[in-house]
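For reference, start.txt (compact mmCIF, C-alpha atoms and all ligand atoms):
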# COMPACT_ATOMS: atom_id res chain seq x y z
CA MET A 12 22.09 18.33 7.19
CA PHE A 13 20.94 19.81 3.92
CA THR A 14 19.08 17.30 1.80
CA ARG A 15 18.80 17.73 -1.95
CA ARG A 16 15.26 17.10 -3.13
CA CYS A 17 13.98 16.10 -6.56
CA GLN A 18 12.68 19.17 -8.40
CA ARG A 19 9.61 17.35 -9.57
CA CYS A 20 8.51 15.07 -6.74
CA ASP A 21 10.36 16.54 -3.72
CA ARG A 22 11.89 13.17 -2.87
CA PRO A 23 15.14 13.48 -0.90
CA LEU A 24 18.03 12.53 -3.16
CA THR A 25 21.19 10.78 -2.07
CA SER A 26 24.46 11.94 -3.54
CA ASP A 27 24.85 8.85 -5.73
CA HIS A 28 21.45 9.39 -7.37
CA SER A 29 21.34 12.36 -9.69
CA ARG A 30 18.06 11.17 -11.25
CA CYS A 31 15.00 10.46 -9.21
CA PRO A 32 13.68 6.86 -9.39
CA ASP A 33 10.23 7.80 -8.08
CA CYS A 34 8.90 10.26 -10.63
CA SER A 35 10.69 9.37 -13.87
CA SER A 36 7.71 7.24 -14.96
CA TRP A 37 4.96 9.56 -13.74
CA PRO A 38 2.52 10.74 -16.42
CA PRO A 39 3.00 14.38 -17.50
CA PRO A 40 -0.28 16.00 -16.34
CA LEU A 41 0.94 15.69 -12.79
CA VAL A 42 3.27 18.66 -12.82
CA GLN A 43 4.99 18.30 -9.50
CA VAL A 44 4.76 17.48 -5.82
CA ARG A 45 5.58 20.07 -3.21
CA ALA A 46 5.84 18.95 0.40
CA LEU A 47 6.31 21.06 3.50
CA TYR A 48 8.17 18.48 5.60
CA LEU A 49 9.97 15.19 5.31
CA TYR A 50 7.95 12.33 6.79
CA GLU A 51 10.06 11.73 9.87
CA GLY A 52 10.54 12.65 13.50
CA PRO A 53 7.97 14.79 15.34
CA LEU A 54 5.94 15.47 12.18
CA ARG A 55 5.49 11.75 11.60
CA THR A 56 4.40 11.30 15.22
CA ALA A 57 1.97 14.21 14.99
CA LEU A 58 0.37 12.87 11.82
CA HIS A 59 -0.02 9.41 13.37
CA ARG A 60 -1.85 10.98 16.30
CA VAL A 61 -4.20 12.74 13.89
CA LYS A 62 -4.90 9.66 11.75
CA TYR A 63 -4.89 6.87 14.29
CA GLY A 64 -5.51 8.77 17.52
CA GLY A 65 -8.45 10.85 16.35
CA GLU A 66 -6.74 14.16 17.16
CA ARG A 67 -8.72 16.31 14.77
CA ARG A 68 -7.62 19.65 16.22
CA ARG A 69 -4.00 18.69 15.73
CA GLY A 70 -4.89 18.01 12.10
CA GLU A 71 -6.39 21.48 11.81
CA PHE A 72 -3.22 22.94 13.25
CA LEU A 73 -1.11 21.05 10.70
CA GLY A 74 -3.45 22.41 8.04
CA GLU A 75 -2.68 25.95 9.15
CA LEU A 76 1.04 25.21 8.95
CA LEU A 77 0.69 23.83 5.42
CA ALA A 78 -1.56 26.73 4.40
CA SER A 79 0.89 29.34 5.64
CA SER A 80 3.57 27.90 3.34
CA ALA A 81 1.35 26.97 0.39
CA GLU A 82 2.01 30.06 -1.67
CA VAL A 83 5.78 29.74 -1.30
CA LEU A 84 5.73 25.98 -2.03
CA VAL A 85 3.61 26.27 -5.18
CA GLY A 86 5.41 29.42 -6.29
CA ASN A 87 4.59 31.09 -9.58
CA GLN A 88 2.12 28.33 -10.49
CA CYS A 89 -0.31 29.65 -7.86
CA ALA A 90 -1.83 31.97 -10.46
CA ALA A 91 -2.88 28.99 -12.59
CA LEU A 92 -4.76 27.22 -9.78
CA ARG A 93 -8.56 26.96 -10.08
CA CYS A 94 -9.49 24.88 -7.05
CA VAL A 95 -8.24 22.74 -4.17
CA VAL A 96 -9.17 19.04 -3.91
CA PRO A 97 -8.33 16.71 -1.00
CA ILE A 98 -7.36 13.06 -1.46
CA PRO A 99 -10.50 11.33 -0.15
CA LEU A 100 -10.83 8.44 2.24
CA HIS A 101 -13.12 5.57 1.33
CA HIS A 102 -16.45 6.09 3.10
CA THR A 103 -15.93 3.09 5.38
CA ARG A 104 -12.62 4.50 6.64
CA LEU A 105 -14.13 7.97 6.92
CA ARG A 106 -16.80 6.50 9.14
CA GLU A 107 -14.19 4.82 11.35
CA ARG A 108 -12.00 7.92 11.65
CA GLY A 109 -14.74 10.53 11.74
CA PHE A 110 -12.83 12.95 9.54
CA ASN A 111 -10.47 12.98 6.57
CA GLN A 112 -7.08 14.39 7.52
CA SER A 113 -6.44 15.53 3.93
CA SER A 114 -9.73 17.45 3.95
CA LEU A 115 -8.59 19.32 7.07
CA LEU A 116 -5.36 20.25 5.30
CA ALA A 117 -7.09 21.14 2.02
CA ALA A 118 -9.70 23.33 3.73
CA ALA A 119 -7.00 25.42 5.40
CA VAL A 120 -5.06 25.72 2.12
CA ALA A 121 -8.17 26.72 0.15
CA ARG A 122 -9.02 29.44 2.69
CA LYS A 123 -5.50 30.80 2.62
CA LEU A 124 -5.25 30.84 -1.18
CA ALA A 125 -8.85 32.08 -1.57
CA LEU A 126 -9.67 29.16 -3.88
CA PRO A 127 -12.78 26.99 -3.93
CA LEU A 128 -12.53 23.68 -2.06
CA GLU A 129 -14.01 20.93 -4.25
CA ASP A 130 -14.92 17.55 -2.77
CA GLY A 131 -15.97 15.69 -5.92
CA LEU A 132 -13.11 13.19 -5.81
CA VAL A 133 -14.21 9.83 -4.40
CA ARG A 134 -12.39 6.64 -3.53
CA LEU A 135 -14.19 3.79 -5.22
CA ARG A 136 -12.90 0.99 -3.05
CA ALA A 137 -11.40 0.60 0.37
CA THR A 138 -7.77 0.07 -0.54
CA ALA A 139 -5.60 -1.72 1.97
CA THR A 140 -3.48 0.41 4.26
CA GLN A 141 -0.29 1.12 2.36
CA VAL A 142 2.06 1.15 5.32
CA SER A 143 2.71 -2.58 5.10
CA GLN A 144 2.93 -2.87 1.33
CA ASP A 145 5.90 -2.99 -0.96
CA ARG A 146 6.30 -0.66 -3.89
CA ALA A 147 4.67 -2.79 -6.61
CA ALA A 148 1.70 -3.63 -4.40
CA ARG A 149 1.07 0.05 -3.70
CA TRP A 150 0.74 0.86 -7.38
CA GLU A 151 -1.62 -2.05 -8.01
CA ASN A 152 -3.59 -1.15 -4.92
CA VAL A 153 -4.64 2.32 -6.05
CA ALA A 154 -4.84 2.02 -9.86
CA GLY A 155 -8.34 3.13 -10.86
CA ALA A 156 -9.29 3.67 -7.22
CA PHE A 157 -10.58 7.22 -7.72
CA ALA A 158 -13.39 8.89 -9.65
CA TRP A 159 -14.64 12.46 -9.99
CA VAL A 160 -18.35 12.98 -9.29
CA GLY A 161 -18.42 16.79 -9.12
CA GLN A 162 -18.83 19.51 -11.74
CA PRO A 163 -16.41 19.34 -14.71
CA LEU A 164 -12.94 20.67 -13.89
CA GLU A 165 -10.73 23.08 -15.80
CA GLY A 166 -7.29 24.61 -15.45
CA THR A 167 -4.80 23.48 -12.84
CA VAL A 168 -6.00 21.65 -9.74
CA LEU A 169 -4.16 21.71 -6.42
CA LEU A 170 -4.47 18.19 -4.99
CA VAL A 171 -3.78 17.97 -1.25
CA ASP A 172 -2.53 14.83 0.52
CA ASP A 173 -1.07 14.26 3.96
CA VAL A 174 1.90 12.10 2.96
CA VAL A 175 3.30 11.28 -0.49
CA THR A 176 5.32 8.07 -0.54
CA THR A 177 5.65 6.34 -3.92
CA GLY A 178 3.33 8.76 -5.65
CA ALA A 179 0.94 5.93 -6.55
CA THR A 180 -2.02 7.51 -4.77
CA VAL A 181 -1.57 11.01 -6.17
CA ILE A 182 -1.01 9.65 -9.69
CA ALA A 183 -4.21 7.58 -9.54
CA ALA A 184 -6.13 10.57 -8.18
CA SER A 185 -4.62 12.89 -10.80
CA GLU A 186 -5.78 10.60 -13.57
CA ALA A 187 -9.36 10.96 -12.31
CA LEU A 188 -8.98 14.75 -12.18
CA ILE A 189 -7.58 14.91 -15.72
CA THR A 190 -10.41 12.70 -16.98
CA ALA A 191 -12.82 15.18 -15.36
CA GLY A 192 -11.32 18.06 -17.36
CA ALA A 193 -8.37 19.37 -15.35
CA ARG A 194 -5.48 20.48 -17.53
CA ALA A 195 -2.79 19.80 -14.93
CA VAL A 196 -2.41 18.76 -11.31
CA ILE A 197 -0.02 20.07 -8.69
CA VAL A 198 0.20 18.10 -5.45
CA LEU A 199 0.68 19.87 -2.14
CA ALA A 200 1.53 17.49 0.68
CA LEU A 201 2.21 17.97 4.34
CA ALA A 202 5.08 15.48 4.13
CA ARG A 203 7.23 13.58 1.65
CA ALA A 204 8.45 10.13 2.60
CA ALA A 205 12.03 9.46 1.59
CA ALA A 206 11.55 6.01 0.07
CA VAL A 207 9.74 2.73 0.50
ZN ZN B 301 11.40 12.81 -8.40
Please go through the file and, once you have read it, give me the structure as structure tokens.
Ligand SMILES: [Zn+2]
Amino acid sequence: MFTRRCQRCDRPLTSDHSRCPDCSSWPPPLVQVRALYLYEGPLRTALHRVKYGGERRRGEFLGELLASSAEVLVGNQCAALRCVVPIPLHHTRLRERGFNQSSLLAAAVARKLALPLEDGLVRLRATATQVSQDRAARWENVAGAFAWVGQPLEGTVLLVDDVVTTGATVIAASEALITAGARAVIVLALARAAAV
């Protein structure tokens, strides 16, 4: 079945919602979210195996899939991109998992688009896993959770995440990128969750 998606945040829209409830309050520097898949079915299973089953090579494969579609998904804004930045894990979670799934995705995208991969975005605190949280808690959870510790940024940054749900994480990360000098942020995600 064809699903209409929000032009700005890629959220699937139901026929009785002509306006998207997710992104109407997002701050303007975050231009848009572009996601390759909906977060469901086999893709959801595959991503769980990467994140919670330690299947790093599967994550690299998903990165190649995302990279092969990146230019089409970002479209004519590709020319404005200056670098690719992954959503980071907090260092304690990185230690547990051994790798950051978003870094695997971002590395493949950066190679494909011939852009520098910048890893100056850091997560300042170990936020609780969002899976079990309601919408309001997710926003509170990640506000101010990120900081930029790399060289000053400029132009448009392509921020890469594995799954965008409410947008709370990518908004909080975008704010850190804008503070560091980025003019705008475009989010490229492997998957877009329909709703919380
Ligand atoms: Zn939207």
Do you have, as JSON lines, the list of residues of chain A lying at most 10 Å from ligand ZN 301 (chain B), each with its nearest atom pair and that distance in Å to one decimal, counting only C-alpha atoms and all ligand atoms and ordered by chain then number?
{"residue": "A:Arg16", "atom": "CA", "partner": "B:ZN301", "partner_atom": "ZN", "distance": 7.8}
{"residue": "A:Cys17", "atom": "CA", "partner": "B:ZN301", "partner_atom": "ZN", "distance": 4.6}
{"residue": "A:Gln18", "atom": "CA", "partner": "B:ZN301", "partner_atom": "ZN", "distance": 6.5}
{"residue": "A:Arg19", "atom": "CA", "partner": "B:ZN301", "partner_atom": "ZN", "distance": 5.0}
{"residue": "A:Cys20", "atom": "CA", "partner": "B:ZN301", "partner_atom": "ZN", "distance": 4.0}
{"residue": "A:Asp21", "atom": "CA", "partner": "B:ZN301", "partner_atom": "ZN", "distance": 6.1}
{"residue": "A:Arg22", "atom": "CA", "partner": "B:ZN301", "partner_atom": "ZN", "distance": 5.6}
{"residue": "A:Pro23", "atom": "CA", "partner": "B:ZN301", "partner_atom": "ZN", "distance": 8.4}
{"residue": "A:Leu24", "atom": "CA", "partner": "B:ZN301", "partner_atom": "ZN", "distance": 8.5}
{"residue": "A:Arg30", "atom": "CA", "partner": "B:ZN301", "partner_atom": "ZN", "distance": 7.4}
{"residue": "A:Cys31", "atom": "CA", "partner": "B:ZN301", "partner_atom": "ZN", "distance": 4.4}
{"residue": "A:Pro32", "atom": "CA", "partner": "B:ZN301", "partner_atom": "ZN", "distance": 6.4}
{"residue": "A:Asp33", "atom": "CA", "partner": "B:ZN301", "partner_atom": "ZN", "distance": 5.2}
{"residue": "A:Cys34", "atom": "CA", "partner": "B:ZN301", "partner_atom": "ZN", "distance": 4.2}
{"residue": "A:Ser35", "atom": "CA", "partner": "B:ZN301", "partner_atom": "ZN", "distance": 6.5}
{"residue": "A:Ser36", "atom": "CA", "partner": "B:ZN301", "partner_atom": "ZN", "distance": 9.4}
{"residue": "A:Trp37", "atom": "CA", "partner": "B:ZN301", "partner_atom": "ZN", "distance": 9.0}
{"residue": "A:Gln43", "atom": "CA", "partner": "B:ZN301", "partner_atom": "ZN", "distance": 8.5}
{"residue": "A:Val44", "atom": "CA", "partner": "B:ZN301", "partner_atom": "ZN", "distance": 8.5}
{"residue": "A:Thr177", "atom": "CA", "partner": "B:ZN301", "partner_atom": "ZN", "distance": 9.7}
{"residue": "A:Gly178", "atom": "CA", "partner": "B:ZN301", "partner_atom": "ZN", "distance": 9.4}
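Residues within 7 Å of Gly192 of chain A, counting all atoms listed in the file and excluding same-chain residues fewer than 5 positions away, are Pro163, Leu164 and Glu165 of chain A.
Counting all atoms listed in the file and comparing A:Leu135, A:Val61, A:Leu201, A:Ala117, the residue that lies closest to Asp173 of chain A is A:Leu201.
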- Query: Near Arg93 of chain A, within 9 Å and counting all atoms listed in the file, which residues show up once chain neighbours fewer than 3 positions away are dropped, as a list in words?
  - Reply: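 Here the answer would be Cys89, Ala90, Leu126, Pro127, Leu164, Glu165, Gly166, Thr167, Val168 and Leu169 of chain A.
Taking all atoms listed in the file into account, Pro53 of chain A lies nearest to A:Leu73 out of the set A:Leu105, A:Leu73, A:Ala154, A:Leu124.
Note that the spacing between atom CA of Leu76 of chain A and atom CA of Leu41 of chain A amounts to 23.7 Å.
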- Message: Please list as a ChimeraX atom specification every residue within 9 Å of Gly70 of chain A, counting all atoms listed in the file and excluding residues in the same chain fewer than 4 positions away.
- Response: /A:57-58,60-62,66,74-75,112-113,115-116
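Close contacts of Arg134 of chain A, defined as residues with an atom at most 6 Å away when counting only C-alpha atoms, with chain neighbours fewer than 6 positions off set aside, comprise His101, Ala156 and Phe157 of chain A.
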